[in-house]
$ cat protein00.txt   # compact mmCIF, C-alpha atoms
# COMPACT_ATOMS: atom_id res chain seq x y z
CA MET A 526 49.17 -7.31 102.44
CA SER A 527 51.83 -5.54 104.54
CA ARG A 528 54.83 -3.86 102.97
CA SER A 529 58.20 -2.80 104.29
CA ALA A 530 59.35 0.81 104.52
CA ASP A 531 60.71 0.69 100.96
CA GLY A 532 57.37 -0.51 99.61
CA ARG A 533 58.33 -4.14 98.98
CA VAL A 534 56.21 -7.09 100.02
CA PRO A 535 58.03 -9.17 102.66
CA GLY A 536 59.45 -12.31 101.12
CA ALA A 537 59.31 -10.92 97.57
CA PRO A 538 62.56 -11.17 95.56
CA SER A 539 64.85 -8.15 95.75
CA GLU A 540 65.34 -6.00 92.65
CA ALA A 541 68.79 -7.51 92.09
CA ALA A 542 67.37 -11.04 92.30
CA ARG A 543 64.76 -10.43 89.60
CA PRO A 544 65.46 -11.34 85.96
CA LEU A 545 67.60 -8.62 84.39
CA LEU A 546 64.99 -7.38 81.91
CA LEU A 547 62.35 -7.13 84.67
CA GLN A 548 64.47 -4.85 86.81
CA GLY A 549 63.38 -1.23 86.85
CA GLN A 550 60.65 -1.77 84.27
CA GLU A 551 57.90 0.79 84.76
CA TYR A 552 55.99 0.32 81.52
CA LEU A 553 52.46 -0.97 82.10
CA PHE A 554 49.74 -0.87 79.48
CA ARG A 555 46.13 -1.82 80.08
CA SER A 556 44.38 -3.00 76.95
CA PRO A 557 40.59 -2.71 77.34
CA PRO A 558 38.46 -5.24 75.43
CA LYS A 559 36.08 -2.57 74.14
CA CYS A 560 35.00 -2.87 70.52
CA LEU A 561 35.96 0.21 68.50
CA ASP A 562 35.65 -1.40 65.08
CA PHE A 563 33.43 0.69 62.81
CA GLN A 564 32.23 -2.12 60.56
CA GLU A 565 31.44 -4.46 63.42
CA GLN A 566 29.35 -1.83 65.16
CA VAL A 567 27.31 -0.80 62.11
CA HIS A 568 26.64 -4.45 61.23
CA ARG A 569 25.50 -5.25 64.77
CA LEU A 570 23.20 -2.24 64.75
CA GLY A 571 21.60 -3.39 61.50
CA MET A 572 22.68 -0.26 59.64
CA VAL A 573 23.78 -2.15 56.51
CA ASP A 574 22.04 -4.21 53.86
CA GLU A 575 21.52 -7.80 55.00
CA GLY A 576 22.44 -9.02 51.53
CA ASP A 577 20.95 -11.88 49.55
CA GLY A 578 22.20 -14.68 51.80
CA ASN A 579 25.21 -15.53 49.65
CA PRO A 580 28.64 -15.57 51.29
CA GLN A 581 30.13 -12.08 51.38
CA PRO A 582 33.82 -11.76 50.44
CA CYS A 583 35.78 -10.12 53.22
CA VAL A 584 39.10 -9.32 54.81
CA LEU A 585 39.35 -11.31 58.05
CA VAL A 586 41.49 -9.90 60.86
CA LEU A 587 42.63 -11.80 63.95
CA ALA A 588 43.66 -9.11 66.42
CA ARG A 589 42.62 -7.59 69.73
CA ALA A 590 40.19 -4.79 70.49
CA ALA A 591 42.89 -2.18 71.12
CA ASP A 592 44.57 -2.72 67.74
CA MET A 593 43.99 0.81 66.48
CA GLU A 594 45.72 0.13 63.17
CA MET A 595 43.04 -2.44 62.39
CA ASN A 596 40.27 -0.19 63.69
CA GLU A 597 41.48 2.44 61.24
CA LEU A 598 41.72 -0.14 58.45
CA SER A 599 38.07 -1.08 59.06
CA ILE A 600 37.00 2.49 58.28
CA ALA A 601 39.29 2.75 55.24
CA LEU A 602 37.95 -0.50 53.76
CA ALA A 603 34.34 0.52 54.45
CA GLU A 604 34.96 3.66 52.42
CA ARG A 605 36.08 1.40 49.56
CA GLY A 606 33.07 -0.88 49.89
CA ILE A 607 35.11 -3.80 51.26
CA ARG A 608 33.81 -5.88 54.15
CA MET A 609 36.16 -6.44 57.06
CA ALA A 610 35.43 -8.88 59.89
CA ARG A 611 37.51 -9.61 62.94
CA ILE A 612 38.14 -12.10 65.70
CA ASP A 613 39.72 -10.46 68.75
CA ALA A 614 41.68 -12.51 71.26
CA ASP A 615 40.33 -10.48 74.18
CA ARG A 616 36.71 -10.84 73.00
CA CYS A 617 36.72 -14.39 71.64
CA VAL A 618 35.14 -16.23 74.58
CA ASP A 619 31.51 -17.08 73.69
CA LEU A 620 32.02 -15.71 70.16
CA PRO A 621 29.37 -17.08 67.76
CA LEU A 622 31.75 -18.58 65.19
CA SER A 623 31.56 -21.55 62.84
CA VAL A 624 34.28 -22.39 60.35
CA TYR A 625 33.62 -24.72 57.44
CA THR A 626 36.44 -27.14 56.73
CA ASP A 627 35.25 -28.31 53.31
CA GLN A 628 34.84 -24.83 51.80
CA PRO A 629 36.45 -21.43 52.49
CA LEU A 630 33.53 -20.04 54.52
CA ILE A 631 32.91 -18.89 58.07
CA GLU A 632 29.83 -17.84 60.00
CA LEU A 633 30.56 -14.94 62.31
CA ASP A 634 27.56 -13.93 64.39
CA ARG A 635 24.74 -14.06 61.80
CA TRP A 636 26.94 -13.32 58.79
CA LEU A 637 28.12 -15.86 56.24
CA LEU A 638 31.53 -14.73 55.02
CA ARG A 639 34.15 -15.84 52.50
CA PRO A 640 37.55 -14.57 53.60
CA LEU A 641 39.83 -13.71 50.72
CA LEU A 642 42.61 -12.17 52.77
CA VAL A 643 43.47 -13.00 56.40
CA TRP A 644 45.72 -10.89 58.64
CA ARG A 645 46.78 -11.98 62.11
CA ARG A 646 48.05 -9.11 64.29
CA HIS A 647 48.37 -9.04 68.08
CA PHE A 648 46.16 -12.12 68.47
CA GLU A 649 47.98 -13.11 71.66
CA LEU A 650 46.69 -16.14 73.53
CA SER A 651 47.62 -14.50 76.84
CA ALA A 652 44.87 -11.94 76.09
CA VAL A 653 42.09 -14.55 76.05
CA PRO A 654 39.88 -13.50 79.02
CA VAL A 655 39.98 -16.65 81.14
CA GLU A 656 41.04 -17.35 84.71
CA PRO A 657 44.78 -18.18 84.69
CA GLY A 658 45.79 -21.48 86.20
CA THR A 659 42.36 -23.10 85.89
CA LEU A 660 41.41 -26.16 83.89
CA ALA A 661 38.65 -24.27 82.06
CA GLY A 662 41.07 -21.46 81.23
CA ALA A 663 43.73 -23.83 79.91
CA TYR A 664 41.07 -25.59 77.85
CA ALA A 665 39.85 -22.38 76.18
CA VAL A 666 43.35 -21.12 75.43
CA ASP A 667 44.42 -24.46 73.95
CA GLN A 668 41.38 -24.65 71.66
CA TRP A 669 41.83 -21.07 70.46
CA ALA A 670 45.54 -21.67 69.88
CA SER A 671 44.80 -24.54 67.51
CA VAL A 672 41.97 -22.80 65.64
CA ALA A 673 43.74 -19.44 65.34
CA ASN A 674 46.92 -21.11 64.05
CA TRP A 675 44.87 -23.00 61.48
CA LEU A 676 42.98 -19.90 60.36
CA SER A 677 46.28 -18.04 60.08
CA SER A 678 47.81 -20.60 57.74
CA ARG A 679 44.85 -22.18 55.93
CA ALA A 680 45.53 -22.44 52.19
CA ASP A 681 41.94 -21.64 51.14
CA TRP A 682 42.64 -17.92 51.34
CA ALA A 683 45.53 -15.49 51.01
CA HIS A 684 47.40 -14.06 53.99
CA VAL A 685 49.22 -10.92 55.06
CA ASN A 686 52.54 -11.94 56.65
CA PRO A 687 51.67 -15.67 56.54
CA SER A 688 52.12 -17.17 60.00
CA ARG A 689 53.75 -20.33 58.65
CA PHE A 690 56.72 -18.08 57.84
CA SER A 691 56.51 -15.15 60.27
CA THR A 692 55.96 -17.17 63.47
CA HIS A 693 59.41 -18.70 63.01
CA LEU A 694 61.06 -15.35 62.31
CA ASP A 695 62.80 -14.98 65.67
CA ARG A 696 65.41 -12.28 66.27
CA LEU A 697 68.34 -14.65 65.89
CA THR A 698 67.13 -15.92 62.52
CA GLN A 699 66.61 -12.30 61.49
CA LEU A 700 70.20 -11.41 62.32
CA SER A 701 71.73 -14.31 60.40
CA ASP A 702 69.52 -13.70 57.35
CA ALA A 703 70.18 -9.95 57.38
CA SER A 704 73.91 -10.62 57.40
CA THR A 705 73.51 -12.99 54.46
CA PHE A 706 71.75 -10.19 52.53
CA GLY A 707 74.69 -7.85 53.07
CA LEU A 708 73.48 -5.85 56.08
CA ARG A 709 75.76 -5.14 59.00
CA VAL A 710 74.54 -6.62 62.31
CA PRO A 711 75.86 -6.20 65.87
CA ARG A 712 77.97 -8.94 67.39
CA THR A 713 75.51 -11.04 69.34
CA ALA A 714 75.43 -13.82 71.92
CA VAL A 715 72.60 -15.72 73.60
CA THR A 716 73.26 -16.61 77.22
CA THR A 717 71.88 -17.22 80.68
CA ARG A 718 75.07 -15.61 82.08
CA PRO A 719 75.09 -12.11 80.60
CA GLY A 720 77.72 -10.92 83.11
CA ARG A 721 80.23 -13.29 81.58
CA THR A 722 79.45 -12.52 77.94
CA ARG A 723 80.52 -9.36 76.13
CA PRO A 724 80.42 -9.65 72.32
CA GLY A 725 82.97 -7.23 70.90
CA GLY A 726 84.64 -6.86 74.32
CA GLY A 727 83.13 -3.46 75.14
CA ALA A 728 79.81 -1.97 76.21
CA CYS A 729 76.78 -4.18 75.54
CA ILE A 730 73.00 -4.07 75.38
CA VAL A 731 70.73 -6.78 76.82
CA LYS A 732 67.55 -7.64 74.91
CA THR A 733 64.74 -10.13 75.16
CA ALA A 734 64.98 -13.17 72.93
CA GLY A 735 61.18 -13.27 72.86
CA ARG A 736 58.44 -10.64 72.92
CA HIS A 737 58.79 -7.01 73.96
CA LEU A 738 55.51 -7.21 75.90
CA LEU A 739 54.51 -9.83 78.46
CA GLU A 740 50.85 -10.31 79.40
CA PRO A 741 50.72 -12.45 82.53
CA ARG A 742 47.08 -11.41 83.03
CA PRO A 743 44.63 -10.68 80.20
CA GLY A 744 44.65 -6.99 79.31
CA VAL A 745 47.73 -6.04 81.38
CA GLN A 746 51.01 -5.79 79.46
CA HIS A 747 54.50 -5.32 80.90
CA GLY A 748 57.47 -4.14 78.84
CA LEU A 749 60.76 -5.96 78.27
CA PHE A 750 62.94 -3.31 76.70
CA PRO A 751 66.63 -3.16 75.76
CA ARG A 752 68.91 -1.95 78.51
CA PRO A 753 72.65 -1.43 78.95
CA LEU A 754 74.56 -4.28 80.55
CA GLU A 755 76.11 -2.85 83.70
CA THR A 756 79.82 -3.51 84.00
CA SER A 757 79.40 -4.09 87.75
CA ARG A 758 76.98 -6.97 87.23
CA ALA A 759 78.24 -10.11 88.96
CA SER A 760 79.44 -12.66 86.44
CA ASP A 761 77.92 -15.53 88.42
CA ALA A 762 74.38 -14.13 88.49
CA PRO A 763 72.35 -16.48 86.25
CA GLU A 764 69.21 -15.57 84.34
CA PRO A 765 66.21 -17.93 84.50
CA ALA A 766 66.08 -18.00 80.69
CA PRO A 767 68.44 -17.04 77.85
CA VAL A 768 68.67 -13.37 76.87
CA ILE A 769 70.34 -11.66 73.92
CA VAL A 770 73.53 -9.71 74.58
CA GLN A 771 74.70 -7.43 71.76
CA GLU A 772 77.67 -5.13 71.39
CA TYR A 773 76.75 -1.49 71.82
CA VAL A 774 77.03 0.26 68.46
CA PRO A 775 77.37 4.06 68.74
CA SER A 776 74.98 5.70 66.29
CA ASP A 777 74.04 9.07 64.91
CA THR A 778 70.33 8.24 64.85
CA GLU A 779 67.90 5.37 64.22
CA LEU A 780 65.64 4.48 61.33
CA ARG A 781 62.29 2.74 61.31
CA VAL A 782 61.54 1.66 57.77
CA PHE A 783 58.06 0.36 57.03
CA VAL A 784 57.81 -2.03 54.11
CA VAL A 785 54.35 -2.10 52.53
CA GLY A 786 54.27 -4.31 49.48
CA GLU A 787 57.11 -2.93 47.38
CA GLN A 788 57.27 0.45 49.12
CA CYS A 789 59.72 1.62 51.78
CA ILE A 790 58.53 4.44 54.04
CA ALA A 791 61.09 5.65 56.56
CA TYR A 792 61.18 7.74 59.73
CA GLN A 793 64.23 9.03 61.53
CA VAL A 794 63.90 8.34 65.25
CA ASP A 795 66.02 10.39 67.65
CA LYS A 796 66.09 9.21 71.27
CA LEU A 797 68.53 9.15 74.15
CA ASP A 798 67.83 5.66 75.48
CA PRO A 799 66.86 2.33 73.85
CA ALA A 800 63.68 2.09 75.96
CA GLN A 801 62.68 5.74 75.58
CA LEU A 802 60.22 4.89 72.81
CA TRP A 803 58.01 3.23 75.43
CA VAL A 804 58.85 4.79 78.79
CA ASP A 805 59.17 8.43 77.67
CA PRO A 806 57.61 8.66 74.20
CA ASP A 807 57.07 12.43 74.35
CA ALA A 808 60.84 12.93 74.36
CA VAL A 809 61.31 10.97 71.13
CA ARG A 810 61.62 12.96 67.91
CA VAL A 811 60.28 11.34 64.72
CA THR A 812 60.70 12.86 61.26
CA PRO A 813 60.00 11.49 57.78
CA THR A 814 63.14 10.71 55.81
CA SER A 815 64.27 9.02 52.63
CA VAL A 816 65.85 5.60 52.26
CA PRO A 817 69.01 5.13 50.18
CA ALA A 818 68.31 2.90 47.18
CA SER A 819 70.98 0.40 48.20
CA LEU A 820 69.33 -0.02 51.62
CA SER A 821 65.75 -0.21 50.34
CA ASP A 822 66.81 -2.87 47.82
CA ARG A 823 68.21 -5.04 50.61
CA LEU A 824 65.20 -4.53 52.88
CA LEU A 825 62.72 -5.36 50.12
CA ALA A 826 64.76 -8.44 49.22
CA LEU A 827 64.67 -9.56 52.88
CA ALA A 828 60.91 -8.96 53.07
CA ARG A 829 60.42 -11.12 49.98
CA HIS A 830 62.71 -13.80 51.43
CA TRP A 831 60.70 -13.81 54.67
CA ARG A 832 57.40 -13.55 52.72
CA VAL A 833 56.11 -10.60 54.70
CA GLN A 834 54.14 -7.81 53.07
CA VAL A 835 53.68 -5.27 55.90
CA ALA A 836 56.49 -4.97 58.42
CA ALA A 837 58.90 -2.52 60.05
CA PHE A 838 62.69 -2.64 60.05
CA ASP A 839 64.68 -1.02 62.86
CA LEU A 840 68.20 0.10 62.00
CA LEU A 841 70.98 2.23 63.45
CA VAL A 842 72.66 4.92 61.36
CA THR A 843 76.36 5.14 62.13
CA GLY A 844 78.46 7.28 59.83
CA GLY A 845 77.50 6.24 56.32
CA ASP A 846 76.52 2.72 57.36
CA HIS A 847 73.27 1.08 58.48
CA VAL A 848 73.17 -1.58 61.21
CA PHE A 849 70.23 -3.98 61.22
CA LEU A 850 68.57 -4.52 64.61
CA GLU A 851 65.31 -6.37 63.91
CA ILE A 852 62.15 -6.61 61.86
CA ASN A 853 58.79 -6.20 63.57
CA VAL A 854 56.05 -8.11 61.75
CA ASN A 855 53.25 -6.93 64.07
CA CYS A 856 54.35 -3.37 63.45
CA ASP A 857 52.33 -0.42 64.70
CA TRP A 858 52.68 2.68 62.56
CA ARG A 859 50.10 5.15 63.88
CA TRP A 860 52.32 6.33 66.74
CA PHE A 861 55.20 7.12 64.36
CA GLU A 862 52.80 8.91 62.01
CA HIS A 863 51.38 10.94 64.89
CA ARG A 864 54.83 12.02 66.07
CA ALA A 865 55.88 12.88 62.49
CA ASP A 866 52.55 14.50 61.52
CA ASP A 867 52.36 12.15 58.54
CA THR A 868 49.98 9.47 57.23
CA SER A 869 52.10 7.83 54.53
CA VAL A 870 52.14 4.35 56.06
CA SER A 871 48.39 4.28 56.77
CA THR A 872 47.66 5.35 53.21
CA ALA A 873 50.02 2.73 51.80
CA VAL A 874 48.59 -0.07 53.99
CA HIS A 875 44.97 0.78 53.21
CA ASP A 876 45.69 0.98 49.48
CA TRP A 877 47.69 -2.25 49.50
CA VAL A 878 45.03 -4.25 51.38
CA ALA A 879 42.24 -2.92 49.14
CA LEU A 880 44.22 -3.64 45.96
CA ARG A 881 45.12 -7.16 47.12
CA PHE A 882 41.48 -7.84 48.02
CA LYS A 883 40.29 -6.71 44.59
CA GLU A 884 42.96 -8.83 42.90
CA LEU A 885 41.74 -11.90 44.78
CA LEU A 886 38.12 -11.03 44.11
CA GLY A 887 38.78 -10.52 40.42
CA ALA A 888 40.60 -13.85 40.22
CA GLY A 889 37.43 -15.54 41.44
CA ARG A 890 39.29 -17.60 44.00
CA ALA A 891 40.42 -17.32 47.60
CA ARG A 892 44.05 -18.30 47.19

$ encode --input "protein00.txt" --output "structure tokens"
Amino acid sequence: MSRSADGRVPGAPSEAARPLLLQGQEYLFRSPPKCLDFQEQVHRLGMVDEGDGNPQPCVLVLARAADMEMNELSIALAERGIRMARIDADRCVDLPLSVYTDQPLIELDRWLLRPLLVWRRHFELSAVPVEPGTLAGAYAVDQWASVANWLSSRADWAHVNPSRFSTHLDRLTQLSDASTFGLRVPRTAVTTRPGRTRPGGGACIVKTAGRHLLEPRPGVQHGLFPRPLETSRASDAPEPAPVIVQEYVPSDTELRVFVVGEQCIAYQVDKLDPAQLWVDPDAVRVTPTSVPASLSDRLLALARHWRVQVAAFDLLVTGGDHVFLEINVNCDWRWFEHRADDTSVSTAVHDWVALRFKELLGAGRAR
């Protein structure tokens, strides 16, 4: 395909004609569907006891192969003698799976399992390895959508961040609820005409109303990150879909607060640009910090209200105040730990999952 002198394909939309959050985006992540799960590999290699044929209690994870937090959890649970099994979106085609509807059991490969705790993380339907735009591809994605949604909300077993609550936890609901719980939030508008809309009347930030990562092809993710709204942007330039426009709140620093059960574990995040976390991560400084009791009380109350057990809150620190930005239910903590040379969140998550599993096992039921 020929290109012009500036590298563009003839007939392709100019940069200015592209949706605002797709302009200048250089983040591209390739997510390989290679299995790195410790428990799955040792079971497939026959390195564990086959058991007596009775269903084995387990933690069931719906994720994707590159979910390193879950790969790490697999090792941590193995060390505690707890079986973990997983269904990955990017490895689910031709997966030998049977789910019993009249009892809380599944057959995964040759194993008969009884999930006690189910955790859905990064199980994105766009990652299902099928040919986009084909009838067979649409068929596979639709079937997996129905089954994964059912597994993620089935009442026969307990859940981490139950999908019947968390899937409806969009950013706009988050903002209104956070305000109700006494947290300051930026002035916000939702619009297809961001050039005409300036909450607060000053500088503004444009954000996606949906996901931070788009996956138009399986295994290839593109970033949609916050960006300043340029004052020169033409007021008549429409967006193809609504975006979030928020007032720019000057801040001293940012906080990422991980809630794990009833714990709050915080990191101070110092960066120069809203998107720097993704496009220039080496320039971001992350340090462990404490959380004021008044703030942790509000965050824990919000987590209980939203019925999430493992999540991350993003906040601005401005003067002596904290400004709520969003909660990330599919939160990834290993990067923050690596930058801060700390493992507090991993330890808390592993301990919480193991304790919850043993509580369910001791209760003799899967709910």

$ residues_near_point --input "protein00.txt" --point "(60.5, -16.9, 54.3)" --cutoff "9 Å" --atoms "all atoms listed in the file" --output "PyMOL selection string"
chain A and resi 689-691+693-694+827-833

$ residues_around --input "protein00.txt" --residues "Ala652 (chain A)" --least-positions-apart "2" --cutoff "10 Å" --atoms "all atoms listed in the file" --output "ChimeraX atom specification"
/A:556,558,589,613-617,647-650,654-655,666,740-746

$ atom_distance --input "protein00.txt" --atom1 "CA of Ser871 (chain A)" --atom2 "CA of Arg709 (chain A)"
29.0 Å

$ closest_residue --input "protein00.txt" --among "A:Cys856, A:Val618, A:Leu886, A:Val878" --to "Ala601 (chain A)" --atoms "all atoms listed in the file"
A:Val878

$ residues_around --input "protein00.txt" --residues "Thr722 (chain A)" --least-positions-apart "4" --cutoff "12 Å" --atoms "all atoms listed in the file" --output "list in words"
Arg712, Thr713, Ala714, Val715, Thr716, Thr717, Arg718, Gly726, Gly727, Ala728, Cys729, Ile730, Val731, Leu754, Glu755, Thr756, Arg758, Ala759, Ser760, Asp761, Ala762, Pro763, Pro767, Val768, Ile769, Val770, Gln771 and Glu772 of chain A

$ atom_distance --input "protein00.txt" --atom1 "CA of Asp798 (chain A)" --atom2 "CA of Arg723 (chain A)"
19.7 Å

$ closest_residue --input "protein00.txt" --among "A:Gln788, A:Thr872, A:Val794, A:Leu850" --to "Leu825 (chain A)" --atoms "all atoms listed in the file"
A:Gln788

$ residues_near_point --input "protein00.txt" --point "(69.7, -0.9, 72.6)" --cutoff "8 Å" --atoms "all atoms listed in the file" --output "list in words"
Ile730, Val731, Lys732, Pro751, Arg752, Pro753, Tyr773, Asp798, Pro799 and Ala800 of chain A

$ atom_distance --input "protein00.txt" --atom1 "CA of Ala673 (chain A)" --atom2 "CA of Ala734 (chain A)"
23.4 Å

$ closest_residue --input "protein00.txt" --among "A:Thr733, A:Gln566, A:Gln793, A:Thr843" --to "Pro544 (chain A)" --atoms "all atoms listed in the file"
A:Thr733

$ closest_residue --input "protein00.txt" --among "A:Met572, A:Val848, A:Leu700, A:Leu880" --to "Pro775 (chain A)" --atoms "all atoms listed in the file"
A:Val848

$ closest_residue --input "protein00.txt" --among "A:Ile607, A:Val624, A:Leu638, A:Ala591" --to "Asn579 (chain A)" --atoms "only C-alpha atoms"
A:Leu638

$ residues_around --input "protein00.txt" --residues "Glu565 (chain A)" --least-positions-apart "2" --cutoff "12 Å" --atoms "all atoms listed in the file" --output "ChimeraX atom specification"
/A:559-563,567-573,585-586,590,595-596,599-600,603,608-613,633-636

$ closest_residue --input "protein00.txt" --among "A:Ala703, A:Leu739, A:Ala837, A:Leu749" --to "Ile790 (chain A)" --atoms "only C-alpha atoms"
A:Ala837

$ axis_aligned_box --input "protein00.txt" --around "region 881-889 of chain A" --padding-each-side "3 Å" --output "JSON"
{"center_x": 41.3, "center_y": -11.1, "center_z": 44.1, "size_x": 13.7, "size_y": 14.8, "size_z": 13.8}
